[in-house]
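In what follows, a single structure is set out as structure tokens and then discussed.
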Amino acid sequence: LLTPSLTLVRTVNTRYQLMSEDKRYSVLIQANGEGHISMGTSDGKHIPYGTKMFNDMWIVVANDFTEADARTYVRMNWKEMTPYSVAKTLRQCKPSFKDMTDEEFEALWYRQTPEEFYKAKEDFLLKEAEAEARQKTETAGN
């Protein structure tokens with residue numbers, strides 16, 4: 001039985017779990033430019049986008065996301081796990097980087113503002129659901 005403050009969501013590995021809509025989550029970007037993102041619970045008090053925290057090592061994206069929005073932000077914005085400095089070194093030898101334009105390569109480490117995130121979120125979730133449905137159809141056909 002679900003209470004109104006809980007939502008059932010699919011996690012990346014297709015398990016389902018309950019997420020509280022009462023809790024608030026922060027999303028931070030590592031300030032060193034390597035592209036790492038951190039997500040964790042917060043007190044939900046608004047902290048302006050771009051505020052540096054923890055000895056200026058992390059930059060606040062948002063401190064008042066629901067858990068679903070924080071997870072969606074991470075999926076939308078952390079497209080490449082390779083740290084930026086390492087990826088630049090591998091640029092000419094890693095096939096997935098080699099064929100990219102400079103703009104496509106740099107976009108892998110771009111992190112959206114909260115406004116950009118909310119504007120693009122519904123379209124992203126729709127595309128994600130369509131991709132999942134295609135994958136299920138392909139899997140069922142094999």
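The chains in the structure tokens are called A, B, ... from first to last as shown; in each chain the residues are counted from 1, and the ligands are counted from 1 in the order shown.
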Which parts of stretch 4-122 of chain A does DSSP call strand (DSSP E) when run on the backbone here, written out as a PyMOL selection string? chain A and resi 6-10+16-20+24-30+37-42+52-53+58-65
Could you write out the selected residues, including N, CA, C and O atoms, as a compact mmCIF listing (two decimals), in the first residue's frame?
```
# COMPACT_ATOMS: atom_id res chain seq x y z
N LEU A 6 4.67 8.76 -1.15
CA LEU A 6 5.63 7.83 -1.74
C LEU A 6 5.28 7.57 -3.19
O LEU A 6 4.12 7.53 -3.57
N THR A 7 6.29 7.38 -4.02
CA THR A 7 6.11 7.09 -5.43
C THR A 7 6.93 5.86 -5.77
O THR A 7 8.07 5.73 -5.33
N LEU A 8 6.36 4.97 -6.57
CA LEU A 8 7.08 3.78 -7.02
C LEU A 8 7.81 4.16 -8.31
O LEU A 8 7.20 4.65 -9.25
N VAL A 9 9.12 3.96 -8.34
CA VAL A 9 9.90 4.32 -9.53
C VAL A 9 10.81 3.18 -9.94
O VAL A 9 11.20 2.36 -9.12
N ARG A 10 11.13 3.17 -11.23
CA ARG A 10 12.07 2.19 -11.76
C ARG A 10 13.46 2.76 -11.63
O ARG A 10 13.73 3.89 -12.04
N TYR A 16 12.38 -1.92 -8.79
CA TYR A 16 11.50 -0.85 -8.38
C TYR A 16 11.74 -0.55 -6.91
O TYR A 16 12.03 -1.42 -6.12
N GLN A 17 11.63 0.71 -6.58
CA GLN A 17 11.79 1.09 -5.18
C GLN A 17 10.87 2.26 -4.89
O GLN A 17 10.43 2.96 -5.79
N LEU A 18 10.59 2.45 -3.61
CA LEU A 18 9.77 3.57 -3.19
C LEU A 18 10.64 4.79 -2.97
O LEU A 18 11.72 4.71 -2.41
N MET A 19 10.15 5.93 -3.46
CA MET A 19 10.87 7.18 -3.23
C MET A 19 9.94 8.13 -2.49
O MET A 19 8.77 8.25 -2.83
N SER A 20 10.48 8.78 -1.52
CA SER A 20 9.71 9.75 -0.77
C SER A 20 9.65 11.05 -1.54
O SER A 20 10.65 11.53 -2.04
N ARG A 24 13.87 16.06 0.41
CA ARG A 24 14.47 16.91 -0.62
C ARG A 24 15.91 16.46 -0.82
O ARG A 24 16.57 15.97 0.09
N TYR A 25 16.37 16.65 -2.04
CA TYR A 25 17.70 16.19 -2.43
C TYR A 25 18.49 17.32 -3.05
O TYR A 25 17.95 18.19 -3.71
N SER A 26 19.80 17.27 -2.80
CA SER A 26 20.69 18.23 -3.42
C SER A 26 21.46 17.54 -4.54
O SER A 26 21.71 16.34 -4.49
N VAL A 27 21.78 18.31 -5.54
CA VAL A 27 22.64 17.84 -6.63
C VAL A 27 23.78 18.85 -6.71
O VAL A 27 23.56 20.06 -6.79
N LEU A 28 24.99 18.32 -6.64
CA LEU A 28 26.19 19.15 -6.68
C LEU A 28 27.08 18.70 -7.84
O LEU A 28 27.10 17.53 -8.20
N ILE A 29 27.83 19.64 -8.40
CA ILE A 29 28.80 19.35 -9.46
C ILE A 29 30.18 19.62 -8.89
O ILE A 29 30.40 20.65 -8.24
N GLN A 30 31.12 18.74 -9.16
CA GLN A 30 32.48 18.96 -8.68
C GLN A 30 33.07 20.18 -9.38
O GLN A 30 32.97 20.32 -10.60
N ILE A 37 29.17 14.37 -10.58
CA ILE A 37 27.94 14.86 -9.97
C ILE A 37 27.70 14.08 -8.69
O ILE A 37 27.92 12.88 -8.64
N SER A 38 27.24 14.77 -7.66
CA SER A 38 26.90 14.13 -6.40
C SER A 38 25.43 14.41 -6.09
O SER A 38 24.94 15.52 -6.33
N MET A 39 24.75 13.41 -5.55
CA MET A 39 23.35 13.56 -5.18
C MET A 39 23.18 13.04 -3.76
O MET A 39 23.74 12.00 -3.41
N GLY A 40 22.45 13.76 -2.93
CA GLY A 40 22.20 13.30 -1.57
C GLY A 40 21.04 14.04 -0.95
O GLY A 40 20.54 15.01 -1.50
N THR A 41 20.61 13.57 0.21
CA THR A 41 19.49 14.22 0.88
C THR A 41 19.92 15.60 1.38
O THR A 41 21.11 15.84 1.61
N SER A 42 18.96 16.48 1.51
CA SER A 42 19.25 17.83 2.00
C SER A 42 18.13 18.30 2.91
O SER A 42 17.10 17.64 3.04
N LYS A 52 29.24 27.86 -4.30
CA LYS A 52 30.30 26.89 -4.01
C LYS A 52 30.21 26.47 -2.54
O LYS A 52 29.94 27.29 -1.68
N MET A 53 30.45 25.17 -2.31
CA MET A 53 30.36 24.62 -0.96
C MET A 53 31.52 23.68 -0.70
O MET A 53 32.21 23.26 -1.64
N TRP A 58 32.68 21.85 -4.47
CA TRP A 58 31.44 21.47 -5.12
C TRP A 58 30.60 22.70 -5.40
O TRP A 58 30.60 23.65 -4.64
N ILE A 59 29.84 22.66 -6.51
CA ILE A 59 28.96 23.75 -6.91
C ILE A 59 27.52 23.25 -6.84
O ILE A 59 27.20 22.19 -7.38
N VAL A 60 26.65 24.01 -6.21
CA VAL A 60 25.25 23.63 -6.05
C VAL A 60 24.51 23.78 -7.38
O VAL A 60 24.57 24.83 -8.02
N VAL A 61 23.81 22.73 -7.78
CA VAL A 61 22.85 22.81 -8.88
C VAL A 61 21.50 23.15 -8.27
O VAL A 61 20.86 24.12 -8.64
N ALA A 62 21.09 22.32 -7.32
CA ALA A 62 19.84 22.56 -6.60
C ALA A 62 19.91 21.84 -5.26
O ALA A 62 20.59 20.83 -5.13
N ASN A 63 19.20 22.37 -4.29
CA ASN A 63 19.17 21.79 -2.96
C ASN A 63 17.74 21.41 -2.57
O ASN A 63 17.50 21.02 -1.45
N ASP A 64 16.82 21.52 -3.52
CA ASP A 64 15.42 21.29 -3.19
C ASP A 64 14.70 20.42 -4.22
O ASP A 64 13.50 20.50 -4.40
N PHE A 65 15.44 19.52 -4.89
CA PHE A 65 14.84 18.57 -5.82
C PHE A 65 14.11 17.48 -5.06
O PHE A 65 14.52 17.10 -3.96
```
I need the residues in stretch 1-131 of chain A that are helix (DSSP H, G or I) according to DSSP; give them as a ChimeraX atom specification. /A:67-77,84-90,95-98,102-107,114-131
When distances are computed from only C-alpha atoms, which of A:Gln135, A:Asn77, A:Gln112, A:Ser96 shows the smallest separation from A:Gly50? A:Gln112
Of the residues A:Ala107, A:Met57, A:Ala31, A:Met76, which is the one nearest to A:Glu128, using only C-alpha atoms?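 Comparing A:Ala107, A:Met57, A:Ala31, A:Met76 against A:Glu128, the winner is A:Met76.
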Between A:Gly35, A:Gly44, A:Pro83, A:Pro114, which residue has the minimum interatomic distance to A:Asp22, considering only C-alpha atoms? A:Gly44
